[in-house]
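Structure file upload-v3.txt (compact mmCIF, C-alpha atoms) follows.
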```
# COMPACT_ATOMS: atom_id res chain seq x y z
CA MET Q 10 -108.37 -27.56 7.78
CA ALA Q 11 -108.71 -25.22 10.68
CA SER Q 12 -105.30 -26.18 11.95
CA THR Q 13 -103.90 -25.41 8.58
CA LEU Q 14 -105.41 -21.96 8.60
CA ARG Q 15 -104.03 -21.31 12.06
CA LEU Q 16 -100.54 -22.30 10.97
CA SER Q 17 -100.65 -20.09 7.93
CA SER Q 18 -101.96 -17.17 9.91
CA SER Q 19 -99.25 -17.59 12.50
CA SER Q 20 -96.55 -17.77 9.89
CA SER Q 21 -97.89 -14.72 8.13
CA SER Q 22 -98.00 -12.83 11.37
CA SER Q 23 -94.40 -13.77 12.22
CA SER Q 24 -93.21 -12.73 8.82
CA SER Q 25 -95.00 -9.44 9.15
CA MET Q 26 -93.32 -8.92 12.46
CA LYS Q 27 -89.99 -9.51 10.92
CA ILE Q 28 -90.69 -7.06 8.19
CA ASN Q 29 -91.93 -4.47 10.63
CA SER Q 30 -88.88 -4.91 12.76
CA ALA Q 31 -86.69 -4.43 9.77
CA ILE Q 32 -88.56 -1.37 8.65
CA HIS Q 33 -88.59 0.32 12.04
CA VAL Q 34 -84.82 0.12 12.75
CA PRO Q 35 -83.78 3.62 13.94
CA LYS Q 36 -81.24 5.52 11.87
CA LEU Q 37 -77.83 6.30 13.43
CA PRO Q 38 -77.06 9.97 13.97
CA LYS Q 39 -74.57 11.63 11.67
CA LEU Q 40 -71.67 12.04 14.11
CA ILE Q 41 -68.97 13.16 11.67
CA PRO Q 42 -70.49 15.55 9.22
CA TYR Q 43 -67.13 16.67 7.79
CA PHE Q 44 -66.33 13.27 6.27
CA SER Q 45 -67.80 14.31 3.00
CA VAL Q 46 -65.30 13.99 0.14
CA PRO Q 47 -64.62 17.29 -1.58
CA LYS Q 48 -64.78 17.54 -5.28
CA ILE Q 49 -61.41 17.27 -6.99
CA PRO Q 50 -60.70 20.17 -9.29
CA THR Q 51 -60.34 19.10 -12.86
CA ARG Q 52 -58.16 21.92 -14.07
CA LYS Q 53 -55.00 20.87 -15.91
CA LEU Q 54 -51.55 21.70 -14.56
CA GLN Q 55 -49.75 24.25 -16.62
CA VAL Q 56 -46.36 23.42 -18.13
CA GLN Q 57 -44.72 26.21 -16.14
CA GLU Q 58 -45.95 24.77 -12.83
CA LEU Q 59 -44.59 21.33 -13.71
CA ASN Q 60 -41.21 22.80 -14.53
CA ILE Q 61 -41.10 24.70 -11.25
CA ARG Q 62 -41.96 21.61 -9.23
CA ASP Q 63 -39.43 19.47 -11.08
CA ALA Q 64 -36.73 22.06 -10.52
CA PHE Q 65 -37.56 22.19 -6.81
CA ILE Q 66 -37.27 18.42 -6.50
CA LYS Q 67 -33.88 18.45 -8.19
CA ILE Q 68 -32.52 21.40 -6.24
CA ALA Q 69 -33.63 20.38 -2.75
CA PRO Q 70 -31.21 17.44 -2.22
CA VAL Q 71 -28.26 19.48 -3.52
CA GLU Q 72 -28.99 22.27 -1.04
CA LYS Q 73 -29.16 19.68 1.73
CA ILE Q 74 -25.77 18.25 0.83
CA ASP Q 75 -24.25 21.71 0.70
CA VAL Q 76 -25.46 22.39 4.21
CA ILE Q 77 -23.90 19.18 5.47
CA THR Q 78 -20.54 19.67 3.81
CA THR Q 79 -20.13 23.35 4.57
CA ALA Q 80 -21.15 23.11 8.20
CA PRO Q 81 -18.30 22.96 10.75
CA ILE Q 82 -17.41 19.36 11.60
CA ASP Q 83 -16.96 18.36 15.19
CA ASP Q 84 -14.60 15.39 15.47
CA LYS Q 85 -16.55 14.01 18.43
CA SER Q 86 -20.04 14.24 16.90
CA PRO Q 87 -21.81 11.14 15.51
CA ASN Q 88 -22.18 12.89 12.15
CA SER Q 89 -18.40 13.36 11.98
CA ASN Q 90 -17.83 9.68 12.77
CA ALA Q 91 -20.24 8.67 10.02
CA ILE Q 92 -18.49 10.91 7.48
CA ALA Q 93 -15.07 9.60 8.55
CA THR Q 94 -16.29 6.01 8.22
CA THR Q 95 -17.60 6.72 4.70
CA GLN Q 96 -14.29 8.31 3.74
CA LEU Q 97 -12.36 5.34 5.11
CA TYR Q 98 -14.49 2.98 3.03
CA ALA Q 99 -13.65 5.05 -0.06
CA ILE Q 100 -9.93 4.95 0.79
CA LEU Q 101 -10.18 1.20 1.44
CA GLU Q 102 -11.59 0.69 -2.05
CA ALA Q 103 -8.72 2.69 -3.57
CA VAL Q 104 -6.15 0.74 -1.55
CA SER Q 105 -7.67 -2.58 -2.67
CA ASP Q 106 -7.38 -1.41 -6.27
CA ARG Q 107 -3.73 -0.49 -5.73
CA VAL Q 108 -3.01 -3.93 -4.28
CA GLU Q 109 -4.36 -5.53 -7.45
CA MET Q 110 -2.48 -3.13 -9.75
CA HIS Q 111 0.89 -3.58 -8.04
CA ALA Q 112 0.48 -7.36 -7.96
CA ASN Q 113 -0.31 -7.53 -11.69
CA ILE Q 114 2.50 -5.18 -12.69
CA GLY Q 115 4.93 -7.09 -10.46
CA LYS Q 116 4.14 -10.32 -12.36
CA GLN Q 117 4.53 -8.50 -15.67
CA ARG Q 118 7.96 -7.13 -14.77
CA GLU Q 119 9.09 -10.49 -13.46
CA ASN Q 120 8.23 -11.88 -16.90
CA TRP Q 121 10.24 -9.08 -18.48
CA ASN Q 122 13.31 -10.13 -16.55
CA THR Q 123 13.00 -13.80 -17.54
CA LEU Q 124 12.16 -13.22 -21.20
CA LEU Q 125 14.75 -10.51 -21.81
CA LEU Q 126 17.48 -12.50 -20.04
CA ASN Q 127 16.83 -15.61 -22.14
CA SER Q 128 16.45 -13.65 -25.39
CA ILE Q 129 19.66 -11.66 -24.96
CA ASN Q 130 21.68 -14.73 -24.02
CA MET Q 131 20.38 -16.66 -27.04
CA ILE Q 132 21.15 -13.73 -29.34
CA THR Q 133 24.66 -13.35 -27.91
CA LEU Q 134 25.49 -17.05 -28.15
CA THR Q 135 24.12 -17.25 -31.70
CA ALA Q 136 26.26 -14.27 -32.72
CA ALA Q 137 29.35 -15.87 -31.15
CA THR Q 138 28.66 -19.11 -33.02
CA MET Q 139 28.34 -17.25 -36.32
CA ALA Q 140 31.57 -15.33 -35.65
CA GLY Q 141 33.39 -18.61 -34.98
CA ALA Q 142 31.91 -20.19 -38.11
CA ALA Q 143 33.01 -17.19 -40.18
CA ALA Q 144 36.55 -17.53 -38.83
CA ILE Q 145 36.85 -21.10 -40.08
CA ALA Q 146 34.82 -20.56 -43.25
CA GLY Q 147 36.14 -22.10 -46.41
CA ALA Q 148 35.63 -21.07 -49.97
CA ARG Q 149 32.16 -22.62 -50.11
CA MET Q 150 30.74 -20.77 -47.04
CA PRO Q 151 29.36 -17.22 -47.40
CA LEU Q 152 31.80 -15.29 -45.18
CA LEU Q 153 30.11 -11.89 -45.60
CA ALA Q 154 26.70 -13.22 -44.61
CA LEU Q 155 28.05 -14.78 -41.39
CA LYS Q 156 30.03 -11.65 -40.49
CA LEU Q 157 27.07 -9.36 -41.14
CA SER Q 158 24.64 -11.56 -39.21
CA SER Q 159 27.01 -11.81 -36.25
CA THR Q 160 27.59 -8.05 -36.18
CA LEU Q 161 23.88 -7.29 -36.32
CA LEU Q 162 23.05 -9.76 -33.56
CA TYR Q 163 25.80 -8.40 -31.32
CA SER Q 164 24.55 -4.85 -31.96
CA ALA Q 165 20.98 -5.85 -31.09
CA ALA Q 166 22.17 -7.54 -27.91
CA THR Q 167 24.12 -4.42 -26.94
CA GLY Q 168 21.07 -2.19 -27.38
CA MET Q 169 18.84 -4.55 -25.42
CA LEU Q 170 21.40 -4.80 -22.64
CA LEU Q 171 21.59 -1.02 -22.35
CA MET Q 172 17.82 -0.89 -21.96
CA ILE Q 173 17.50 -3.78 -19.51
CA ASN Q 174 20.39 -2.50 -17.39
CA LYS Q 175 18.76 0.92 -17.25
CA ILE Q 176 15.38 -0.28 -15.94
CA GLN Q 177 16.57 -3.36 -13.96
CA PRO Q 178 13.42 -5.55 -14.32
CA SER Q 179 14.28 -7.71 -11.30
CA GLN Q 180 14.45 -4.58 -9.13
CA LEU Q 181 11.20 -3.30 -10.63
CA ALA Q 182 9.50 -6.59 -9.76
CA GLU Q 183 10.81 -6.44 -6.19
CA GLU Q 184 9.51 -2.87 -5.84
CA GLN Q 185 6.03 -4.00 -6.85
CA ARG Q 186 6.14 -6.98 -4.48
CA ASN Q 187 7.06 -4.69 -1.60
CA ALA Q 188 4.33 -2.23 -2.61
CA THR Q 189 1.75 -5.03 -2.72
CA ARG Q 190 2.75 -6.23 0.75
CA LEU Q 191 2.68 -2.73 2.25
CA PHE Q 192 -0.66 -1.84 0.67
CA LYS Q 193 -2.11 -5.09 2.02
CA GLN Q 194 -0.79 -4.13 5.44
CA LEU Q 195 -2.45 -0.72 5.15
CA GLN Q 196 -5.63 -2.41 3.95
CA SER Q 197 -5.79 -4.56 7.08
CA GLN Q 198 -5.18 -1.47 9.26
CA ILE Q 199 -8.13 0.34 7.65
CA GLN Q 200 -10.35 -2.70 8.13
CA SER Q 201 -9.38 -2.80 11.81
CA MET Q 202 -10.31 0.89 12.18
CA LEU Q 203 -13.69 0.26 10.57
CA SER Q 204 -14.39 -2.78 12.73
CA LEU Q 205 -13.71 -0.74 15.90
CA GLY Q 206 -16.14 1.94 14.74
CA THR Q 207 -14.26 4.84 16.33
CA SER Q 208 -13.02 6.56 13.17
CA SER Q 209 -12.28 10.29 13.15
CA GLN Q 210 -11.10 12.89 10.68
CA GLU Q 211 -7.58 12.54 12.10
CA ASP Q 212 -7.63 8.83 11.15
CA VAL Q 213 -8.72 9.73 7.63
CA LYS Q 214 -5.90 12.26 7.32
CA ASP Q 215 -3.31 9.75 8.59
CA VAL Q 216 -4.45 7.06 6.16
CA MET Q 217 -4.43 9.47 3.23
CA GLU Q 218 -0.85 10.50 4.03
CA LYS Q 219 0.21 6.85 4.21
CA VAL Q 220 -1.37 6.09 0.83
CA LEU Q 221 0.35 9.06 -0.83
CA ALA Q 222 3.69 8.17 0.79
CA LEU Q 223 3.44 4.64 -0.62
CA ASP Q 224 2.60 6.02 -4.06
CA ARG Q 225 5.74 8.16 -3.95
CA ALA Q 226 7.94 5.32 -2.70
CA TYR Q 227 6.77 2.76 -5.27
CA PRO Q 228 5.59 4.49 -8.47
CA LEU Q 229 3.81 2.48 -11.15
CA PRO Q 230 4.98 4.20 -14.39
CA LEU Q 231 8.44 3.78 -15.89
CA LEU Q 232 8.83 7.03 -17.81
CA GLY Q 233 9.39 10.12 -15.72
CA ALA Q 234 8.57 8.57 -12.33
CA MET Q 235 10.83 5.50 -12.15
CA LEU Q 236 13.19 5.34 -9.18
CA ASP Q 237 16.88 5.81 -9.91
CA LYS Q 238 18.39 2.33 -10.13
CA PHE Q 239 21.98 3.59 -9.74
CA PRO Q 240 22.03 6.33 -7.07
CA ALA Q 241 25.26 7.86 -5.86
CA LYS Q 242 25.01 5.93 -2.59
CA TYR Q 243 22.71 3.54 -0.80
CA GLU Q 244 19.57 5.08 0.68
CA PRO Q 245 16.90 3.03 2.48
CA ALA Q 246 13.37 3.06 1.13
CA VAL Q 247 10.95 5.45 2.83
CA TRP Q 248 7.26 4.56 2.46
CA TRP Q 249 5.79 6.42 5.44
CA PRO Q 250 5.12 10.15 6.00
CA SER Q 251 8.37 10.88 7.82
CA LYS Q 252 7.87 14.67 7.77
CA LYS Q 253 4.84 14.21 9.95
CA LEU Q 254 6.86 12.22 12.47
CA GLN Q 255 9.51 14.95 12.58
CA LYS Q 256 6.83 17.60 13.05
CA LYS Q 257 5.35 15.73 15.97
CA ASN Q 258 8.79 15.22 17.38
CA LYS Q 259 9.47 18.96 17.44
CA SER Q 260 6.12 19.84 19.01
CA ARG Q 261 6.47 17.67 22.08
CA GLU Q 262 6.74 19.38 25.39
CA GLY Q 263 6.32 18.26 29.00
CA ASN Q 264 8.01 16.93 32.06
CA HIS Q 265 9.64 13.60 32.67
CA VAL Q 266 7.93 10.25 32.65
CA GLN Q 267 5.15 9.63 35.08
CA GLN Q 268 5.55 6.36 36.86
CA GLU Q 269 3.60 3.31 35.72
CA LYS Q 270 0.99 5.09 33.64
CA ASN Q 271 -0.60 3.54 30.54
CA GLY Q 272 1.82 0.63 30.82
CA TRP Q 273 4.92 2.85 30.68
CA SER Q 274 7.72 3.20 33.21
CA GLU Q 275 11.24 4.61 33.27
CA GLU Q 276 12.60 1.09 33.00
CA LEU Q 277 10.59 0.40 29.83
CA GLU Q 278 11.67 3.72 28.31
CA GLY Q 279 15.32 2.90 29.00
CA GLU Q 280 14.84 -0.50 27.43
CA MET Q 281 13.38 1.03 24.24
CA ARG Q 282 16.25 3.53 24.03
CA GLU Q 283 18.81 0.72 24.27
CA ILE Q 284 17.01 -1.23 21.54
CA VAL Q 285 17.20 1.82 19.26
CA GLU Q 286 20.95 2.11 19.89
CA VAL Q 287 21.48 -1.54 18.94
CA VAL Q 288 19.38 -1.13 15.79
CA LYS Q 289 21.39 1.92 14.72
CA ARG Q 290 24.85 0.51 15.53
CA LYS Q 291 24.36 -3.01 14.19
CA ASP Q 292 21.42 -3.55 11.84
CA ILE Q 293 21.21 -0.22 10.03
CA GLU Q 294 25.00 0.07 9.59
CA ASP Q 295 25.27 -3.49 8.31
CA TYR Q 296 22.55 -3.04 5.70
CA GLU Q 297 24.08 0.26 4.64
CA ARG Q 298 27.44 -1.49 4.10
CA LEU Q 299 25.86 -4.37 2.16
CA GLY Q 300 23.67 -2.02 0.14
CA ASN Q 301 26.65 0.06 -1.00
CA LEU Q 302 28.58 -3.11 -1.90
CA VAL Q 303 25.74 -4.54 -4.01
CA LEU Q 304 25.23 -1.16 -5.66
CA LYS Q 305 28.89 -1.05 -6.75
CA ILE Q 306 28.73 -4.61 -8.10
CA ASN Q 307 25.56 -3.83 -10.03
CA LYS Q 308 27.11 -0.71 -11.57
CA VAL Q 309 30.17 -2.65 -12.74
CA LEU Q 310 28.06 -5.43 -14.25
CA ALA Q 311 25.68 -2.95 -15.91
CA ILE Q 312 28.64 -1.32 -17.69
CA ALA Q 313 30.56 -4.52 -18.45
CA GLY Q 314 27.74 -6.36 -20.23
CA PRO Q 315 27.03 -3.87 -23.04
CA LEU Q 316 30.74 -3.03 -23.31
CA LEU Q 317 31.67 -6.67 -23.98
CA THR Q 318 28.91 -7.21 -26.54
CA GLY Q 319 29.88 -3.94 -28.25
CA ILE Q 320 33.51 -5.07 -28.48
CA ALA Q 321 32.30 -8.40 -29.85
CA ALA Q 322 30.25 -6.59 -32.51
CA VAL Q 323 33.32 -4.64 -33.65
CA GLY Q 324 35.47 -7.78 -33.63
CA SER Q 325 32.96 -9.79 -35.69
CA ALA Q 326 33.02 -7.09 -38.37
CA PHE Q 327 36.77 -7.78 -38.92
CA VAL Q 328 36.60 -11.57 -38.89
CA GLY Q 329 38.64 -12.94 -41.77
CA ASN Q 330 41.27 -10.18 -41.54
CA GLY Q 331 43.26 -11.93 -38.86
CA SER Q 332 42.94 -14.50 -36.09
CA TRP Q 333 42.68 -11.90 -33.30
CA ALA Q 334 39.42 -10.48 -34.63
CA ALA Q 335 37.71 -13.85 -34.41
CA ILE Q 336 39.13 -14.48 -30.93
CA VAL Q 337 37.91 -11.09 -29.68
CA ALA Q 338 34.47 -11.58 -31.24
CA VAL Q 339 33.88 -15.02 -29.76
CA ALA Q 340 35.51 -14.45 -26.36
CA ALA Q 341 33.88 -11.06 -25.75
CA GLY Q 342 30.48 -12.45 -26.74
CA ALA Q 343 30.84 -15.40 -24.38
CA LEU Q 344 31.93 -13.12 -21.52
CA GLY Q 345 29.04 -10.73 -22.22
CA SER Q 346 26.58 -13.60 -22.03
CA ALA Q 347 28.09 -14.75 -18.72
CA VAL Q 348 27.96 -11.22 -17.24
CA ASN Q 349 24.35 -10.83 -18.31
CA ALA Q 350 23.41 -14.19 -16.80
CA PHE Q 351 25.11 -13.28 -13.51
CA GLU Q 352 23.55 -9.81 -13.30
CA HIS Q 353 19.97 -10.57 -14.29
CA GLY Q 354 19.85 -14.30 -13.58
CA GLY Q 355 21.27 -13.62 -10.13
CA GLN Q 356 18.87 -10.64 -9.84
CA ILE Q 357 21.42 -8.23 -8.39
CA GLY Q 358 18.91 -5.39 -8.72
CA MET Q 359 16.39 -7.34 -6.66
CA VAL Q 360 19.00 -7.89 -3.94
CA PHE Q 361 19.75 -4.16 -3.83
CA GLU Q 362 16.04 -3.33 -3.52
CA MET Q 363 15.69 -5.94 -0.78
CA TYR Q 364 18.46 -4.22 1.18
CA ARG Q 365 16.75 -0.86 0.66
CA ASN Q 366 13.50 -2.28 2.00
CA CYS Q 367 15.21 -3.83 5.03
CA GLY Q 368 16.99 -0.57 5.76
CA GLY Q 369 13.67 1.26 5.55
CA PHE Q 370 12.12 -1.24 7.94
CA PHE Q 371 14.76 -0.54 10.59
CA ARG Q 372 14.58 3.22 10.06
CA LEU Q 373 10.80 3.13 10.51
CA LEU Q 374 11.23 1.09 13.68
CA GLN Q 375 13.79 3.58 14.97
CA GLU Q 376 11.59 6.59 14.24
CA SER Q 377 8.48 5.02 15.75
CA ILE Q 378 10.31 4.16 19.00
CA GLU Q 379 11.89 7.61 19.25
CA VAL Q 380 8.62 9.43 18.60
CA THR Q 381 6.74 7.28 21.11
CA VAL Q 382 9.35 7.65 23.85
CA GLU Q 383 9.61 11.43 23.38
CA GLU Q 384 5.85 11.87 23.78
CA LYS Q 385 5.51 13.28 27.31
CA ASP Q 386 1.76 12.78 27.63
CA MET Q 387 1.37 9.15 28.67
CA GLU Q 388 -2.27 9.00 27.56
CA LYS Q 389 -1.35 9.88 23.97
CA ARG Q 390 1.14 7.03 23.73
CA GLU Q 391 0.36 3.51 22.68
CA ASN Q 392 0.05 1.22 25.68
CA GLY Q 393 3.54 0.37 26.93
CA LYS Q 394 3.06 -3.40 27.20
CA LEU Q 395 1.46 -3.57 23.77
CA PHE Q 396 4.21 -1.41 22.24
CA GLU Q 397 6.91 -3.62 23.77
CA MET Q 398 5.25 -6.73 22.39
CA ASN Q 399 5.01 -5.20 18.89
CA VAL Q 400 8.69 -4.26 18.93
CA ALA Q 401 9.64 -7.78 20.03
CA LEU Q 402 7.55 -9.33 17.24
CA LYS Q 403 9.07 -7.04 14.60
CA LEU Q 404 12.56 -8.06 15.72
CA GLY Q 405 11.69 -11.76 15.91
CA ARG Q 406 12.35 -11.97 19.67
CA SER Q 407 10.43 -12.88 22.78
CA LEU Q 408 9.89 -10.33 25.53
CA SER Q 409 12.58 -11.93 27.69
CA GLN Q 410 15.07 -11.88 24.80
CA LEU Q 411 14.25 -8.23 24.17
CA LYS Q 412 14.95 -7.32 27.81
CA GLN Q 413 18.15 -9.34 27.73
CA LEU Q 414 19.34 -7.49 24.60
CA ALA Q 415 18.61 -4.13 26.26
CA LYS Q 416 20.58 -5.15 29.36
CA LYS Q 417 23.50 -6.32 27.22
CA SER Q 418 23.50 -2.99 25.37
CA ALA Q 419 23.43 -1.06 28.65
CA SER Q 420 26.36 -3.08 30.02
CA THR Q 421 28.47 -2.28 26.93
CA HIS Q 422 28.31 1.42 27.85
CA MET Q 423 30.11 0.57 31.09
CA ASP Q 424 32.69 -1.73 29.47
CA GLY Q 425 33.21 0.31 26.31
CA SER Q 426 32.71 -2.83 24.21
CA ALA Q 427 30.29 -3.42 21.32
CA VAL Q 428 27.19 -5.62 21.21
CA ASP Q 429 28.04 -8.90 19.51
CA GLU Q 430 24.58 -9.57 18.03
CA PHE Q 431 22.03 -7.90 15.80
CA ALA Q 432 18.76 -6.57 17.13
CA SER Q 433 16.70 -8.44 14.55
CA LYS Q 434 16.58 -12.20 14.23
CA LEU Q 435 14.36 -12.01 11.13
CA PHE Q 436 16.59 -10.08 8.67
```
Since I need it in another form, could you write the structure as structure tokens?
Amino acid sequence: MASTLRLSSSSSSSSSMKINSAIHVPKLPKLIPYFSVPKIPTRKLQVQELNIRDAFIKIAPVEKIDVITTAPIDDKSPNSNAIATTQLYAILEAVSDRVEMHANIGKQRENWNTLLLNSINMITLTAATMAGAAAIAGARMPLLALKLSSTLLYSAATGMLLMINKIQPSQLAEEQRNATRLFKQLQSQIQSMLSLGTSSQEDVKDVMEKVLALDRAYPLPLLGAMLDKFPAKYEPAVWWPSKKLQKKNKSREGNHVQQEKNGWSEELEGEMREIVEVVKRKDIEDYERLGNLVLKINKVLAIAGPLLTGIAAVGSAFVGNGSWAAIVAVAAGALGSAVNAFEHGGQIGMVFEMYRNCGGFFRLLQESIEVTVEEKDMEKRENGKLFEMNVALKLGRSLSQLKQLAKKSASTHMDGSAVDEFASKLF
């Protein structure tokens, strides 16, 4: 019993110690008296204050943009590079859209050529058949109905031929194919600029001029902006800003070539000049001759087709009044169908546009070589070895073949003879 009392007393004493220890813990000093939370005012915001704040939020970004756009732009600053990169991305999007538009319209105009060719030939042959049937019609066959049907069909074919010969759908389709290819080429050039990350405002200006030059060279609409399909003489296509090249050409000043700088030497310059002479004397002259020949053929066929179907329409109206009327109606209709098949089935307009494009290719090559060689500051030129390789690739030659052609051209100046080969092995 006594042990029990001792245990209880000890436990009570320990518990009292614990309680005392808990009670007598010293309080920490108040080190940061300013941590007290202030009372939040409960007044309501007036409508006028809300409008002022909302207006400030809307106005502030606009003022910031105005400061950026109106500030003078340094072409070498990082901000200028960022703006040029953004502008190039916007131009790249527009160029991608043009690629899609020209490709779709090219397919549409190719369908025009096929459908109109087949429709006109079927109409012409049907009219010739009716004219022949009217010529051999007996008493039981309705002569007037056959004559009238033949005349109307010939007249419809004549009107359709006048329209199709005016617009030349095969040439329109070739224009759009060339535009698609050139816009894709420009698209890859812009992507290369963006991947290098060294864009400038001068690059943006150059790309914009190239886009606008392509728009002028290959317009999309037919009415008011369509290229003349029957010019007075052959002219190569121009899809680059040539005025800019001429301006640069006039502004060049300096002394003669410095030796072996930026890959250029007097020997390489002489080689490029000889290549230009071969291009002008052989390739450009040959395409000019072929272009004028195809243009004359196309003009003759464009006049002959509607003329023959018109004669056939007049002849079919007099069928039954003599044998010659029927002969004229049937023979002229058959010849008109053959002329139409040769002109649009053979796509003479497309061939003419192909020659224009090839002539433009050689003129661009000539101008680019001349402008590069006449630049007296070696550092502003494209690297000589790289430029030589690009010229060789455009002409379908190896570097050794290019040098050999230049030597052959130089030797002809001594002999007074002409070069017996073309500069290009591609066209």
Ranking Q:Met359, Q:Leu171, Q:Ala93, Q:Leu161 by minimum distance to Q:Glu183 and counting only C-alpha atoms, which one comes first?
Q:Met359
Using all atoms listed in the file, the residue out of Q:Leu162, Q:Leu316, Q:Leu170, Q:Leu408 with shortest distance to Q:Met281 is Q:Leu408
From the list Q:Lys308, Q:Leu414, Q:Ile199, Q:Val220, which residue is nearest Q:Lys175 when using all atoms listed in the file?
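For Q:Lys175, the nearest of the given residues is Q:Lys308.
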Atomic distance atom CA of Q:His353 - atom CA of Q:Leu126, expressed in Å with one decimal:
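Separation between atom CA of Q:His353 and atom CA of Q:Leu126: 6.6 Å.
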Using Å and a single decimal, report how far atom CA of Q:Lys412 sits from atom CA of Q:Val382.
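Separating atom CA of Q:Val382 from atom CA of Q:Lys412 is a distance of 16.5 Å.
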Distance query stretch 130-138 of chain Q at most 6 Å, only C-alpha atoms, self and fewer than 6 positions along chain excluded, as a PyMOL selection string:
chain Q and resi 159+162+339+342+346
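One distance worth recording is that between atom CA of Q:Val400 and atom CA of Q:Val216, which is 21.5 Å.
Using all atoms listed in the file for every distance, the candidate list Q:Arg225, Q:Lys214, Q:Arg118, Q:Arg290 yields Q:Arg225 as the residue closest to Q:Ala188.
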Can you list, as a ChimeraX atom specification, every protein, DNA or RNA residue that comes within 10 Å of Q:Ala334 when you count all atoms listed in the file, leaving out same-chain residues fewer than 3 positions away?
/Q:140,144,321,323-331,337-340
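Closest to Q:Leu203 among Q:Asn349, Q:Phe371, Q:Ala91, Q:Lys416 is Q:Ala91, based on all atoms listed in the file.
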Pick from Q:Gly233, Q:Pro240, Q:Pro250, Q:Gly206 nearest to Q:Leu221, counting only C-alpha atoms
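Of the candidates, the smallest distance to Q:Leu221 is held by Q:Pro250.
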Residue neighbourhood Q:Ile173, 12 Å, all atoms listed in the file, exclusion window fewer than 2 positions, as number ranges by chain
Q: 118, 121-126, 128-129, 166-171, 175-181, 238, 310-312, 314-315, 349, 352-353, 356, 358
Hey, can you spit out that residue selection with C-alpha atoms as a JSON list (two decimals), keeping the file's coordinate frame?
```
[["chain", "number", "residue", "atom", "x", "y", "z"],
["Q", 118, "ARG", "CA", 7.96, -7.13, -14.77],
["Q", 121, "TRP", "CA", 10.24, -9.08, -18.48],
["Q", 122, "ASN", "CA", 13.31, -10.13, -16.55],
["Q", 123, "THR", "CA", 13.00, -13.80, -17.54],
["Q", 124, "LEU", "CA", 12.16, -13.22, -21.20],
["Q", 125, "LEU", "CA", 14.75, -10.51, -21.81],
["Q", 126, "LEU", "CA", 17.48, -12.50, -20.04],
["Q", 128, "SER", "CA", 16.45, -13.65, -25.39],
["Q", 129, "ILE", "CA", 19.66, -11.66, -24.96],
["Q", 166, "ALA", "CA", 22.17, -7.54, -27.91],
["Q", 167, "THR", "CA", 24.12, -4.42, -26.94],
["Q", 168, "GLY", "CA", 21.07, -2.19, -27.38],
["Q", 169, "MET", "CA", 18.84, -4.55, -25.42],
["Q", 170, "LEU", "CA", 21.40, -4.80, -22.64],
["Q", 171, "LEU", "CA", 21.59, -1.02, -22.35],
["Q", 175, "LYS", "CA", 18.76, 0.92, -17.25],
["Q", 176, "ILE", "CA", 15.38, -0.28, -15.94],
["Q", 177, "GLN", "CA", 16.57, -3.36, -13.96],
["Q", 178, "PRO", "CA", 13.42, -5.55, -14.32],
["Q", 179, "SER", "CA", 14.28, -7.71, -11.30],
["Q", 180, "GLN", "CA", 14.45, -4.58, -9.13],
["Q", 181, "LEU", "CA", 11.20, -3.30, -10.63],
["Q", 238, "LYS", "CA", 18.39, 2.33, -10.13],
["Q", 310, "LEU", "CA", 28.06, -5.43, -14.25],
["Q", 311, "ALA", "CA", 25.68, -2.95, -15.91],
["Q", 312, "ILE", "CA", 28.64, -1.32, -17.69],
["Q", 314, "GLY", "CA", 27.74, -6.36, -20.23],
["Q", 315, "PRO", "CA", 27.03, -3.87, -23.04],
["Q", 349, "ASN", "CA", 24.35, -10.83, -18.31],
["Q", 352, "GLU", "CA", 23.55, -9.81, -13.30],
["Q", 353, "HIS", "CA", 19.97, -10.57, -14.29],
["Q", 356, "GLN", "CA", 18.87, -10.64, -9.84],
["Q", 358, "GLY", "CA", 18.91, -5.39, -8.72]]
```
